[in-house]
Number of protein chains: 2
Amino acid sequence: MSCEELFRKTLKQHGLRMTHQREAVLKAMHASHEPVTVETIYERAARDCNVLDLSTVYRTLDLFQQFGLVSVVNAQGINYYEHVGLDEPHVHLLCSQCGKIFSVPLAEAQPLLDGFAARHHFTVDPTELTFQGICQGCREKDSTAG
Amino acid sequence: MSCEELFRKTLKQHGLRMTHQREAVLKAMHASHEPVTVETIYERAARDCNVLDLSTVYRTLDLFQQFGLVSVVNAQGINYYEHVGLDEPHVHLLCSQCGKIFSVPLAEAQPLLDGFAARHHFTVDPTELTFQGICQGCREKDSTAG
DNA sequence: CTTGCTGCAAATTCTTTGCACTCAC
DNA sequence: GTGAGTGCAAAGAATTTGCAGCAAG
């Protein structure tokens, strides 16, 4: 089942409707394989949709979250939205300098998360997991510059 | 050297001044051994300070950050400020249900961070590290409730 | 037709900024 | 005294909300 079919079905089950706007936002999320800002989603979706308001994008993303289609990453006060379920489970590496977000397999972090569960009885939600730091490119630039 | 002495010294070095307000905010941060919101800091500091404005708290926290006295944790769009340097280096476990923040030694996460450096050439900033999930208390409540 | 959804504009929330006055040094 | 720091009020930025008209089913 395609993502759109799945979404239509889920909407129906909840007595909700498919609209041009929702379709456009969904398509925009599909086209983005990395986490994107509301602004970006709005711009991309607006191309497919003769009329579209930012508030509609917020409302739609909210809906997507409820249905588990989209997850939010908050980094430095900015919300990034990401389409989930397309790729394998992963965590994020956010470069606090250039803002790029890299994905690495969740499996790498799993031992640590299991450790947290065992030692601290804390169950980490892996969809919300982001590590901030400096990527290779920016680190090289830094050492060159000063 | 006490934290306040250190702060006074650092201020002096930069040609800056110690004020009632800064003292009150510093004291409020001291009193909080867990990450707190600006609002909380403001309330606590205001008790020690006949006049205090929220904007001053923001400005002071900004200063503290520059001096490395305070670090910021952003969780679910809300900024939490935490006094650093008092305890050993640590990472945060944020319960997304009750909002409590737990600290665990950085050492537990170090192997993973080293792995990221080795495999992805990405240097994680451990002061910004927060894992969201569900704490034991809330999990038990959930399973009881249904 | 029914009522969920939308655009619009206004409201909220969190944070920052400009400015004249004040106070630490 | 001097200029860094403050309170105040207003500006910004990001997000939410109320409402009347529109459109999906």
# chains A, B, ... in the order shown; residues from 1 in each chain; ligands from 1
call {"tool": "interface_residues", "arguments": {"of": "chain B", "to": "chain A", "cutoff": "12 Å", "atoms": "only C-alpha atoms", "output": "MDAnalysis selection string"}}
result
chainID B and resid 72:80 91:97 100:140
call {"tool": "closest_atom_pairs", "arguments": {"of": "segment 53-114 of chain A", "to": "segment 4-20 of chain D", "cutoff": "12 Å", "atoms": "only C-alpha atoms (C1' of nucleotides)", "output": "JSON lines"}}
result
{"residue": "A:Leu54", "atom": "CA", "partner": "D:DT15", "partner_atom": "C1'", "distance": 9.9}
{"residue": "A:Ser55", "atom": "CA", "partner": "D:DT16", "partner_atom": "C1'", "distance": 8.2}
{"residue": "A:Thr56", "atom": "CA", "partner": "D:DT16", "partner_atom": "C1'", "distance": 10.9}
{"residue": "A:Val57", "atom": "CA", "partner": "D:DT15", "partner_atom": "C1'", "distance": 11.1}
{"residue": "A:Tyr58", "atom": "CA", "partner": "D:DT15", "partner_atom": "C1'", "distance": 8.0}
{"residue": "A:Arg59", "atom": "CA", "partner": "D:DT16", "partner_atom": "C1'", "distance": 9.3}
{"residue": "A:Asp62", "atom": "CA", "partner": "D:DT16", "partner_atom": "C1'", "distance": 11.6}
{"residue": "A:Gly77", "atom": "CA", "partner": "D:DA14", "partner_atom": "C1'", "distance": 9.8}
{"residue": "A:Ile78", "atom": "CA", "partner": "D:DA14", "partner_atom": "C1'", "distance": 8.9}
{"residue": "A:Asn79", "atom": "CA", "partner": "D:DA14", "partner_atom": "C1'", "distance": 9.7}
call {"tool": "select_by_dssp", "arguments": {"residues": "chain A", "states": "alpha helix (DSSP H)", "output": "JSON, numbers by chain"}}
result
{"A": [3, 4, 5, 6, 7, 8, 9, 10, 11, 12, 13, 20, 21, 22, 23, 24, 25, 26, 27, 28, 29, 30, 31, 38, 39, 40, 41, 42, 43, 44, 45, 46, 47, 54, 55, 56, 57, 58, 59, 60, 61, 62, 63, 64, 65, 66, 106, 107, 108, 109, 110, 111, 112, 113, 114, 115, 116, 117, 118, 119, 120, 136, 137, 138, 139, 140, 141, 142, 143, 144, 145]}
call {"tool": "interface_residues", "arguments": {"of": "chain A", "to": "chain C", "cutoff": "12 Å", "atoms": "only C-alpha atoms (C1' of nucleotides)", "output": "count of residues only"}}
result
21
call {"tool": "calpha_fit_and_write", "arguments": {"fixed": "chain B", "moving": "chain A", "output": "short mmCIF file (atom, residue, chain, number, x, y, z; two decimals) with C-alpha atoms, in the first residue's frame"}}
result
data_model
loop_
_atom_site.label_atom_id
_atom_site.label_comp_id
_atom_site.auth_asym_id
_atom_site.auth_seq_id
_atom_site.Cartn_x
_atom_site.Cartn_y
_atom_site.Cartn_z
CA MET A 1 37.20 29.44 44.19
CA SER A 2 33.46 29.66 44.62
CA CYS A 3 31.26 29.91 41.62
CA GLU A 4 30.41 33.50 42.42
CA GLU A 5 34.05 34.50 42.80
CA LEU A 6 34.82 32.86 39.51
CA PHE A 7 31.98 34.72 37.88
CA ARG A 8 33.03 38.09 39.34
CA LYS A 9 36.55 37.51 38.06
CA THR A 10 35.35 36.58 34.60
CA LEU A 11 33.10 39.63 34.48
CA LYS A 12 35.99 41.86 35.47
CA GLN A 13 38.21 40.40 32.78
CA HIS A 14 35.59 41.38 30.25
CA GLY A 15 34.97 44.85 31.64
CA LEU A 16 31.53 43.83 32.85
CA ARG A 17 29.84 44.41 36.18
CA MET A 18 28.32 42.36 38.96
CA THR A 19 24.80 43.45 39.78
CA HIS A 20 22.10 42.40 42.21
CA GLN A 21 20.20 40.86 39.35
CA ARG A 22 23.10 38.76 38.11
CA GLU A 23 23.83 37.65 41.63
CA ALA A 24 20.22 36.63 42.12
CA VAL A 25 20.09 34.66 38.87
CA LEU A 26 23.36 32.94 39.68
CA LYS A 27 22.05 32.01 43.12
CA ALA A 28 18.83 30.70 41.60
CA MET A 29 20.79 28.55 39.18
CA HIS A 30 22.89 27.25 42.06
CA ALA A 31 19.83 26.25 44.00
CA SER A 32 18.55 24.22 41.06
CA HIS A 33 20.40 21.00 40.49
CA GLU A 34 18.16 20.01 37.63
CA PRO A 35 17.45 21.88 34.37
CA VAL A 36 14.85 24.61 34.89
CA THR A 37 12.83 26.94 32.70
CA VAL A 38 13.40 30.67 32.39
CA GLU A 39 10.13 31.20 34.23
CA THR A 40 11.33 29.16 37.19
CA ILE A 41 14.65 30.96 37.32
CA TYR A 42 12.83 34.27 37.16
CA GLU A 43 10.53 33.34 40.05
CA ARG A 44 13.37 32.10 42.23
CA ALA A 45 15.66 35.00 41.46
CA ALA A 46 12.91 37.57 41.96
CA ARG A 47 12.66 36.54 45.62
CA ASP A 48 16.23 37.72 46.18
CA CYS A 49 15.91 40.83 44.15
CA ASN A 50 13.51 43.66 44.85
CA VAL A 51 13.22 44.45 41.15
CA LEU A 52 13.86 42.04 38.34
CA ASP A 53 12.60 41.85 34.78
CA LEU A 54 12.20 38.74 32.67
CA SER A 55 14.27 40.30 29.92
CA THR A 56 17.12 40.72 32.39
CA VAL A 57 16.94 37.03 33.17
CA TYR A 58 17.18 36.23 29.46
CA ARG A 59 20.13 38.57 29.08
CA THR A 60 21.84 37.14 32.15
CA LEU A 61 21.35 33.54 31.05
CA ASP A 62 22.80 34.50 27.72
CA LEU A 63 25.85 35.84 29.48
CA PHE A 64 26.15 32.72 31.62
CA GLN A 65 26.07 30.61 28.50
CA GLN A 66 28.86 32.61 26.92
CA PHE A 67 30.94 32.03 30.04
CA GLY A 68 30.10 28.35 30.04
CA LEU A 69 28.41 28.57 33.43
CA VAL A 70 25.09 27.41 32.08
CA SER A 71 23.96 25.09 29.32
CA VAL A 72 20.64 24.92 27.52
CA VAL A 73 18.57 21.83 26.89
CA ASN A 74 15.74 22.20 24.42
CA ALA A 75 13.00 19.67 24.90
CA GLN A 76 9.70 19.78 23.06
CA GLY A 77 10.18 23.39 22.18
CA ILE A 78 10.87 24.47 25.75
CA ASN A 79 14.29 25.69 26.83
CA TYR A 80 15.71 24.39 30.07
CA TYR A 81 18.77 25.97 31.64
CA GLU A 82 21.18 24.08 33.81
CA HIS A 83 24.14 25.04 35.92
CA VAL A 84 27.15 23.14 34.65
CA GLY A 85 30.39 22.23 36.35
CA LEU A 86 28.82 21.35 39.68
CA ASP A 87 28.32 17.69 39.09
CA GLU A 88 30.18 15.19 36.99
CA PRO A 89 29.60 15.32 33.21
CA HIS A 90 26.26 13.80 32.42
CA VAL A 91 23.55 13.41 29.82
CA HIS A 92 19.80 13.89 30.26
CA LEU A 93 16.90 11.52 30.13
CA LEU A 94 13.75 13.57 29.63
CA CYS A 95 10.40 11.93 30.28
CA SER A 96 8.11 13.26 27.58
CA GLN A 97 5.09 12.41 29.70
CA CYS A 98 5.75 13.89 33.15
CA GLY A 99 8.52 16.24 32.01
CA LYS A 100 11.00 15.08 34.65
CA ILE A 101 14.66 15.15 33.71
CA PHE A 102 17.05 12.50 34.98
CA SER A 103 20.83 12.66 34.75
CA VAL A 104 23.09 9.75 33.99
CA PRO A 105 26.89 9.77 33.83
CA LEU A 106 28.32 10.75 30.49
CA ALA A 107 30.56 7.71 30.71
CA GLU A 108 27.63 5.47 29.82
CA ALA A 109 27.19 7.22 26.49
CA GLN A 110 30.88 7.68 25.78
CA PRO A 111 31.35 4.47 23.77
CA LEU A 112 28.57 5.51 21.41
CA LEU A 113 29.98 9.02 21.01
CA ASP A 114 33.42 7.58 20.35
CA GLY A 115 31.80 5.34 17.75
CA PHE A 116 30.22 8.34 16.03
CA ALA A 117 33.60 10.03 15.93
CA ALA A 118 35.28 6.97 14.49
CA ARG A 119 32.63 5.96 11.97
CA HIS A 120 31.08 9.29 10.98
CA HIS A 121 33.76 11.83 11.88
CA PHE A 122 31.18 13.63 13.97
CA THR A 123 32.11 15.07 17.35
CA VAL A 124 29.09 15.13 19.65
CA ASP A 125 28.83 17.94 22.17
CA PRO A 126 27.96 16.04 25.35
CA THR A 127 26.60 19.12 27.15
CA GLU A 128 23.71 19.22 24.72
CA LEU A 129 22.79 15.58 24.93
CA THR A 130 19.23 14.67 25.83
CA PHE A 131 17.33 11.44 25.34
CA GLN A 132 13.57 11.68 25.27
CA GLY A 133 11.43 8.80 26.34
CA ILE A 134 9.27 7.43 29.13
CA CYS A 135 10.39 7.02 32.71
CA GLN A 136 9.59 4.02 34.86
CA GLY A 137 6.86 5.78 36.82
CA CYS A 138 4.96 6.88 33.73
CA ARG A 139 5.34 3.54 32.01
CA GLU A 140 3.84 1.77 35.03
CA LYS A 141 1.00 4.28 35.13
CA ASP A 142 0.35 3.67 31.42
CA SER A 143 0.20 -0.10 31.71
CA THR A 144 -2.12 0.22 34.71
CA ALA A 145 -4.41 2.69 32.96
CA GLY A 146 -4.74 0.88 29.68
#
call {"tool": "select_by_dssp", "arguments": {"residues": "chain B", "states": "strand (DSSP E or B)", "output": "MDAnalysis selection string"}}
result
chainID B and resid 36 70:75 78:83 90:95 101:105 123:124 130:134
